[in-house]
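Comments concern the structure below.
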Amino acid sequence: MRPAEEVARAAALAGPLGELLPPVDFCCAYGSTLLHARPDASSMVDYILGVPDPLQWHSENLERNPDHYSGWMARLGPGAITRLVDNIGVGVYFNPFVEWRDKRIKYGVVRMKDLAMDVLTWDRFYLSGRLQKPVHVLVDNWDIRKINTINLKMATSASLLLLPAEFTEYDLYAQICSLSYMGDLRMLFAEDKNKVKKIVEGSFPSFQSMYRPLIQEYIAEGLLKTSSYGQQKAFHQACDCGASATNELFSYLPWTIQRRLQGRFASNCKEMPTRASVSSKDVAATCVRKALRRRVMVSSARQAMSGLLASGGAVAARYLGKKISKAWKSRTV
């Protein structure tokens, strides 16, 4: 996409922020719609909105846009909205099928503190997984940008532990993209089976700009070696990722993952554990795989229940129907 086209698209994406919604501290747009120059007219543009106080934000938004909410959530008010997402969901409240001009959008509202915590610790591995993939940042926040660099390094390290000793640059990005779908219940019946492939192929240059500095860092540290493989770079993990390299990569992961190796830590423990040591790459990969699958499964189930209660049966059925239709098409091609 040319620079002028990129600027025009960014301006169009930012439109709802200035005209429709209350102010936010952070905003990014994402989703399959942004991968296509001419998206389907029925598709939605997805937004994540970070706000300091969701109670206050929803109060103002209910005054401005009561039709964005289901009838019963609008009647219950902002207190019920925040309690729903905090106690049942994963801290994000979504309003789907919002009409704005000639577009249809979906936006999720999250407390800035909760966003930062998930990005830094993977405690829910919900929005942290989203920010490991390319997004269009429309309202930047220095704190989120800073901690997301840590998130990207953790994602790279986890992926290197899961990949074989030799892999291509595409393989690395596909593995990173796959992390947040491990254990996601929607992947069984309500997601495009080619979703990861489409995201990576549609955003390959963006993945490169996000992750190539980290790749260079790992090469400099001796954790990776490179060679040519057609048009792509191929990578070799140092010493077939022996004990030293494995423990180095494992140490970069969030302590919520590392503590799986330390049985004395309860699942709700908030204390920082001592550095874990792993005996082999297989042990580390199994730990990462199990931890992420469980975390993603729980978060996706909680968010699905929260969305059902928030939107009501009709809207939830409409949204699920679109997802299942897309998934069915991907399986019959």
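Naming scheme: A, B, ... for chains in displayed order of the structure tokens; residues 1 onward per chain; ligands 1 onward as shown.
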Using DSSP secondary structure from the backbone, list all strand (DSSP E or B) positions within region 22-96 of chain A, as a ChimeraX atom specification. /A:26-30,45-51,92-96
Convert the current residue selection to file output with N, CA, C and O atoms, as an mmCIF file, in the first residue's frame.
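Heads up, here's the output in result.cif:
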data_model
loop_
_atom_site.group_PDB
_atom_site.id
_atom_site.type_symbol
_atom_site.label_atom_id
_atom_site.label_comp_id
_atom_site.auth_asym_id
_atom_site.auth_seq_id
_atom_site.Cartn_x
_atom_site.Cartn_y
_atom_site.Cartn_z
ATOM 1 N N PHE A 26 -5.946 4.693 24.476
ATOM 2 C CA PHE A 26 -5.276 3.825 23.507
ATOM 3 C C PHE A 26 -6.325 3.258 22.573
ATOM 4 O O PHE A 26 -7.445 2.947 22.988
ATOM 5 N N CYS A 27 -5.966 3.121 21.311
ATOM 6 C CA CYS A 27 -6.879 2.486 20.355
ATOM 7 C C CYS A 27 -6.089 1.833 19.234
ATOM 8 O O CYS A 27 -5.130 2.407 18.720
ATOM 9 N N CYS A 28 -6.495 0.628 18.879
ATOM 10 C CA CYS A 28 -5.952 -0.019 17.688
ATOM 11 C C CYS A 28 -7.091 -0.683 16.929
ATOM 12 O O CYS A 28 -8.104 -1.070 17.506
ATOM 13 N N ALA A 29 -6.921 -0.755 15.621
ATOM 14 C CA ALA A 29 -7.868 -1.450 14.755
ATOM 15 C C ALA A 29 -7.205 -2.718 14.254
ATOM 16 O O ALA A 29 -5.983 -2.767 14.053
ATOM 17 N N TYR A 30 -7.975 -3.773 14.073
ATOM 18 C CA TYR A 30 -7.417 -5.055 13.665
ATOM 19 C C TYR A 30 -8.490 -5.859 12.951
ATOM 20 O O TYR A 30 -9.639 -5.451 12.831
ATOM 21 N N VAL A 45 -15.035 -3.755 10.974
ATOM 22 C CA VAL A 45 -13.719 -3.336 11.428
ATOM 23 C C VAL A 45 -13.725 -3.427 12.948
ATOM 24 O O VAL A 45 -14.644 -2.934 13.602
ATOM 25 N N ASP A 46 -12.701 -4.082 13.505
ATOM 26 C CA ASP A 46 -12.638 -4.310 14.944
ATOM 27 C C ASP A 46 -11.699 -3.313 15.602
ATOM 28 O O ASP A 46 -10.615 -3.023 15.075
ATOM 29 N N TYR A 47 -12.109 -2.825 16.779
ATOM 30 C CA TYR A 47 -11.297 -1.869 17.543
ATOM 31 C C TYR A 47 -11.129 -2.358 18.978
ATOM 32 O O TYR A 47 -12.050 -2.956 19.551
ATOM 33 N N ILE A 48 -9.960 -2.087 19.554
ATOM 34 C CA ILE A 48 -9.739 -2.216 20.989
ATOM 35 C C ILE A 48 -9.528 -0.811 21.532
ATOM 36 O O ILE A 48 -8.657 -0.073 21.041
ATOM 37 N N LEU A 49 -10.303 -0.432 22.546
ATOM 38 C CA LEU A 49 -10.231 0.892 23.154
ATOM 39 C C LEU A 49 -9.759 0.760 24.598
ATOM 40 O O LEU A 49 -10.413 0.094 25.411
ATOM 41 N N GLY A 50 -8.634 1.362 24.916
ATOM 42 C CA GLY A 50 -8.137 1.372 26.283
ATOM 43 C C GLY A 50 -8.553 2.662 26.977
ATOM 44 O O GLY A 50 -8.291 3.756 26.470
ATOM 45 N N VAL A 51 -9.214 2.536 28.126
ATOM 46 C CA VAL A 51 -9.712 3.715 28.846
ATOM 47 C C VAL A 51 -9.278 3.621 30.311
ATOM 48 O O VAL A 51 -9.142 2.531 30.857
ATOM 49 N N VAL A 92 -12.973 -7.190 28.976
ATOM 50 C CA VAL A 92 -13.251 -6.452 27.739
ATOM 51 C C VAL A 92 -14.737 -6.527 27.429
ATOM 52 O O VAL A 92 -15.314 -7.621 27.409
ATOM 53 N N TYR A 93 -15.349 -5.364 27.181
ATOM 54 C CA TYR A 93 -16.772 -5.330 26.810
ATOM 55 C C TYR A 93 -16.877 -4.955 25.338
ATOM 56 O O TYR A 93 -16.413 -3.891 24.914
ATOM 57 N N PHE A 94 -17.504 -5.824 24.538
ATOM 58 C CA PHE A 94 -17.626 -5.593 23.095
ATOM 59 C C PHE A 94 -19.033 -5.145 22.720
ATOM 60 O O PHE A 94 -20.020 -5.716 23.192
ATOM 61 N N ASN A 95 -19.084 -4.149 21.859
ATOM 62 C CA ASN A 95 -20.320 -3.758 21.186
ATOM 63 C C ASN A 95 -20.158 -4.066 19.698
ATOM 64 O O ASN A 95 -19.401 -3.373 18.993
ATOM 65 N N PRO A 96 -20.809 -5.124 19.183
ATOM 66 C CA PRO A 96 -20.678 -5.465 17.762
ATOM 67 C C PRO A 96 -21.793 -4.834 16.923
ATOM 68 O O PRO A 96 -22.757 -4.290 17.455
#
For Leu253 (chain A), list every protein, DNA or RNA residue within 10 Å, evaluated using only C-alpha atoms, and leave out those in the same chain fewer than 4 positions away; present the list as a ChimeraX atom specification. /A:120-122,150-151,153-158,248-249,257-258,288
Taken to one decimal, the CA of Ala220 (chain A)-CA of Ser159 (chain A) distance is 18.1 Å
Hey, what's within 9 Å of Lys113 (chain A) if we count only C-alpha atoms and toss same-chain stuff fewer than 2 positions away? As a PyMOL selection string, please? chain A and resi 50-52+110-111+115-118
Please identify the helix (DSSP H, G or I) residues within region 48-232 of chain A (assignment by DSSP from backbone atoms) and present them as a VMD selection string. chain A and resid 54 to 64 66 to 68 71 to 76 78 to 87 112 to 121 127 to 130 142 to 162 169 to 181 185 to 188 195 to 202 204 to 220
So which residues touch Asp282 (chain A) within 12 Å, counting only C-alpha atoms, skipping near sequence neighbours fewer than 2 positions away, as a ChimeraX atom specification? /A:160-165,240-243,246-247,250,278-280,284-289
Expected file contents, prior selection, N, CA and C atoms, as a short mmCIF file (atom, residue, chain, number, x, y, z; two decimals), in the first residue's frame:
data_model
loop_
_atom_site.label_atom_id
_atom_site.label_comp_id
_atom_site.auth_asym_id
_atom_site.auth_seq_id
_atom_site.Cartn_x
_atom_site.Cartn_y
_atom_site.Cartn_z
N LEU A 160 9.94 -20.10 19.55
CA LEU A 160 11.19 -20.81 19.29
C LEU A 160 11.24 -22.13 20.06
N LEU A 161 10.66 -22.15 21.23
CA LEU A 161 10.61 -23.39 22.01
C LEU A 161 9.67 -24.42 21.37
N LEU A 162 8.66 -23.95 20.65
CA LEU A 162 7.68 -24.84 20.03
C LEU A 162 8.08 -25.29 18.63
N LEU A 163 8.94 -24.54 17.96
CA LEU A 163 9.35 -24.85 16.60
C LEU A 163 10.44 -25.92 16.57
N PRO A 164 10.59 -26.63 15.44
CA PRO A 164 11.70 -27.57 15.29
C PRO A 164 13.03 -26.82 15.18
N ALA A 165 14.11 -27.54 15.10
CA ALA A 165 15.43 -26.92 15.08
C ALA A 165 15.65 -26.06 13.83
N ASP A 240 20.86 -27.16 18.33
CA ASP A 240 19.55 -27.82 18.41
C ASP A 240 18.81 -27.41 19.68
N CYS A 241 19.04 -26.17 20.08
CA CYS A 241 18.39 -25.61 21.28
C CYS A 241 18.66 -26.50 22.50
N GLY A 242 19.93 -26.61 22.85
CA GLY A 242 20.33 -27.39 24.01
C GLY A 242 19.92 -26.75 25.30
N ALA A 243 20.41 -27.31 26.41
CA ALA A 243 19.94 -26.90 27.73
C ALA A 243 20.17 -25.41 27.99
N THR A 246 17.86 -23.34 25.70
CA THR A 246 16.48 -23.57 26.14
C THR A 246 16.17 -22.77 27.40
N ASN A 247 17.05 -22.82 28.38
CA ASN A 247 16.81 -22.08 29.62
C ASN A 247 16.86 -20.58 29.39
N PHE A 250 13.47 -19.84 27.87
CA PHE A 250 12.42 -20.03 28.87
C PHE A 250 12.41 -18.90 29.89
N VAL A 278 14.71 -25.68 33.12
CA VAL A 278 14.11 -26.80 32.41
C VAL A 278 15.21 -27.75 31.95
N SER A 279 14.90 -29.03 31.92
CA SER A 279 15.90 -30.04 31.60
C SER A 279 16.10 -30.24 30.11
N SER A 280 15.08 -29.89 29.30
CA SER A 280 15.19 -30.09 27.86
C SER A 280 14.19 -29.19 27.13
N ALA A 284 10.25 -27.87 28.07
CA ALA A 284 9.86 -26.46 27.98
C ALA A 284 8.68 -26.29 27.03
N ALA A 285 8.73 -26.97 25.86
CA ALA A 285 7.65 -26.85 24.88
C ALA A 285 6.34 -27.39 25.44
N THR A 286 6.40 -28.51 26.15
CA THR A 286 5.19 -29.08 26.76
C THR A 286 4.60 -28.13 27.79
N CYS A 287 5.46 -27.51 28.57
CA CYS A 287 5.00 -26.54 29.57
C CYS A 287 4.31 -25.36 28.92
N VAL A 288 4.94 -24.82 27.88
CA VAL A 288 4.37 -23.66 27.18
C VAL A 288 3.03 -24.04 26.54
N ARG A 289 3.01 -25.18 25.87
CA ARG A 289 1.80 -25.61 25.16
C ARG A 289 0.63 -25.81 26.13
#
Fewer than 5 positions away in the same chain doesn't count, so skip those; otherwise give me all residues within 12 Å of Asn87 (chain A), counting only C-alpha atoms, as a list in words. Gly79, Ala80, Ile81, Thr82, Val92, Tyr93, Arg302, Gln303, Met305 and Ser306 of chain A
Written file, previous selection with all heavy atoms, as a compact mmCIF listing (two decimals), in the first residue's frame:
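Result went into part-v8.txt, see below:
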# COMPACT_ATOMS: atom_id res chain seq x y z
N GLY A 79 -22.59 0.28 35.72
CA GLY A 79 -22.13 -0.56 36.82
C GLY A 79 -22.27 -2.04 36.49
O GLY A 79 -21.36 -2.84 36.75
N ALA A 80 -23.39 -2.41 35.89
CA ALA A 80 -23.62 -3.81 35.51
C ALA A 80 -22.67 -4.23 34.39
O ALA A 80 -22.19 -5.37 34.35
CB ALA A 80 -25.06 -4.00 35.08
N ILE A 81 -22.38 -3.30 33.49
CA ILE A 81 -21.47 -3.60 32.37
C ILE A 81 -20.08 -3.94 32.90
O ILE A 81 -19.48 -4.95 32.52
CB ILE A 81 -21.41 -2.41 31.41
CG1 ILE A 81 -22.75 -2.24 30.68
CG2 ILE A 81 -20.26 -2.58 30.41
CD1 ILE A 81 -22.85 -0.97 29.86
N THR A 82 -19.56 -3.11 33.79
CA THR A 82 -18.21 -3.35 34.30
C THR A 82 -18.15 -4.60 35.19
O THR A 82 -17.17 -5.33 35.17
CB THR A 82 -17.70 -2.13 35.08
OG1 THR A 82 -18.62 -1.78 36.11
CG2 THR A 82 -17.53 -0.93 34.14
N VAL A 92 -12.97 -7.19 28.98
CA VAL A 92 -13.25 -6.45 27.74
C VAL A 92 -14.74 -6.53 27.43
O VAL A 92 -15.31 -7.62 27.41
CB VAL A 92 -12.46 -7.02 26.54
CG1 VAL A 92 -12.55 -6.08 25.35
CG2 VAL A 92 -11.01 -7.28 26.92
N TYR A 93 -15.35 -5.36 27.18
CA TYR A 93 -16.77 -5.33 26.81
C TYR A 93 -16.88 -4.96 25.34
O TYR A 93 -16.41 -3.89 24.91
CB TYR A 93 -17.53 -4.31 27.66
CG TYR A 93 -19.02 -4.32 27.40
CD1 TYR A 93 -19.87 -5.13 28.15
CD2 TYR A 93 -19.58 -3.53 26.39
CE1 TYR A 93 -21.24 -5.15 27.90
CE2 TYR A 93 -20.95 -3.56 26.13
CZ TYR A 93 -21.77 -4.36 26.89
OH TYR A 93 -23.13 -4.39 26.65
N ARG A 302 -14.84 -17.77 28.88
CA ARG A 302 -15.36 -16.67 29.71
C ARG A 302 -15.82 -15.50 28.85
O ARG A 302 -16.87 -14.90 29.11
CB ARG A 302 -14.28 -16.21 30.69
CG ARG A 302 -13.98 -17.19 31.80
CD ARG A 302 -12.93 -16.67 32.75
NE ARG A 302 -13.35 -15.43 33.41
CZ ARG A 302 -12.62 -14.79 34.31
NH1 ARG A 302 -11.43 -15.25 34.64
NH2 ARG A 302 -13.09 -13.68 34.86
N GLN A 303 -15.04 -15.18 27.81
CA GLN A 303 -15.42 -14.07 26.95
C GLN A 303 -16.69 -14.40 26.16
O GLN A 303 -17.54 -13.53 25.94
CB GLN A 303 -14.28 -13.71 25.99
CG GLN A 303 -14.55 -12.49 25.14
CD GLN A 303 -14.81 -11.24 25.97
OE1 GLN A 303 -14.19 -11.04 27.00
NE2 GLN A 303 -15.74 -10.40 25.52
N MET A 305 -19.15 -16.36 27.16
CA MET A 305 -20.27 -16.24 28.09
C MET A 305 -20.60 -14.78 28.37
O MET A 305 -21.77 -14.38 28.39
CB MET A 305 -19.93 -16.96 29.39
CG MET A 305 -21.04 -16.92 30.44
SD MET A 305 -22.59 -17.65 29.85
CE MET A 305 -22.09 -19.37 29.72
N SER A 306 -19.57 -13.97 28.57
CA SER A 306 -19.79 -12.54 28.80
C SER A 306 -20.47 -11.88 27.61
O SER A 306 -21.39 -11.09 27.75
CB SER A 306 -18.45 -11.86 29.09
OG SER A 306 -18.58 -10.47 29.18
At most 9 Å is the cut-off: for each residue in region 66-163 of chain A with any atom that close to an atom of region 16-19 of chain A, write down the nearest atom pair and the distance in Å rounded to one decimal, counting only C-alpha atoms, chain first then increasing number, as CSV.
residue,atom,partner,partner_atom,distance
A:Trp100,CA,A:Pro16,CA,7.2
A:Ile105,CA,A:Pro16,CA,9.0
A:Leu138,CA,A:Leu17,CA,8.9
Mind writing the picked residues with N, CA and C atoms as a PDB file, in the first residue's frame?
ATOM      1  N   TRP A 100     -21.767   2.937  11.459  1.00  0.00           N
ATOM      2  CA  TRP A 100     -21.172   4.280  11.408  1.00  0.00           C
ATOM      3  C   TRP A 100     -20.911   4.627   9.950  1.00  0.00           C
ATOM      4  N   ILE A 105     -18.856  -1.521  12.518  1.00  0.00           N
ATOM      5  CA  ILE A 105     -17.691  -1.695  13.384  1.00  0.00           C
ATOM      6  C   ILE A 105     -18.060  -2.491  14.636  1.00  0.00           C
ATOM      7  N   LEU A 138      -4.124   3.627  16.374  1.00  0.00           N
ATOM      8  CA  LEU A 138      -4.753   4.904  16.028  1.00  0.00           C
ATOM      9  C   LEU A 138      -4.584   5.936  17.134  1.00  0.00           C
TER      10      LEU A 138
END
Would you pick out the contacts of Pro134 (chain A) at 8 Å or less, using only C-alpha atoms, so that residues sharing its chain but fewer than 5 positions from it are not included, and give the list as a short mmCIF file (atom, residue, chain, number, x, y, z; two decimals) with N, CA and C atoms, in the first residue's frame?
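Below is the file result26.cif, written as the result:
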data_model
loop_
_atom_site.label_atom_id
_atom_site.label_comp_id
_atom_site.auth_asym_id
_atom_site.auth_seq_id
_atom_site.Cartn_x
_atom_site.Cartn_y
_atom_site.Cartn_z
N TYR A 30 -7.98 -3.77 14.07
CA TYR A 30 -7.42 -5.06 13.66
C TYR A 30 -8.49 -5.86 12.95
N SER A 203 -0.12 -9.97 6.11
CA SER A 203 0.59 -8.96 6.90
C SER A 203 2.08 -9.26 7.02
N SER A 206 4.48 -6.44 7.75
CA SER A 206 4.25 -5.90 9.09
C SER A 206 4.86 -6.81 10.16
N PHE A 207 4.73 -8.13 9.97
CA PHE A 207 5.38 -9.06 10.89
C PHE A 207 6.90 -8.84 10.88
N MET A 210 7.89 -5.84 12.87
CA MET A 210 7.71 -6.07 14.30
C MET A 210 8.79 -6.97 14.88
#
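Contact shell of Val298 (chain A) at 10 Å (only C-alpha atoms; same-chain neighbours under 4 positions omitted): Gly89, Val90, Arg124, Phe125, Gly183, Asp184, Leu185, Leu292, Arg293, Arg294, Arg302, Gln303 and Ala304 of chain A.
Of the listed residues A:Arg101, A:Tyr181, A:Thr256, A:Leu223, the one whose atoms come nearest to Lys193 (chain A) is A:Tyr181, with distances taken using only C-alpha atoms.
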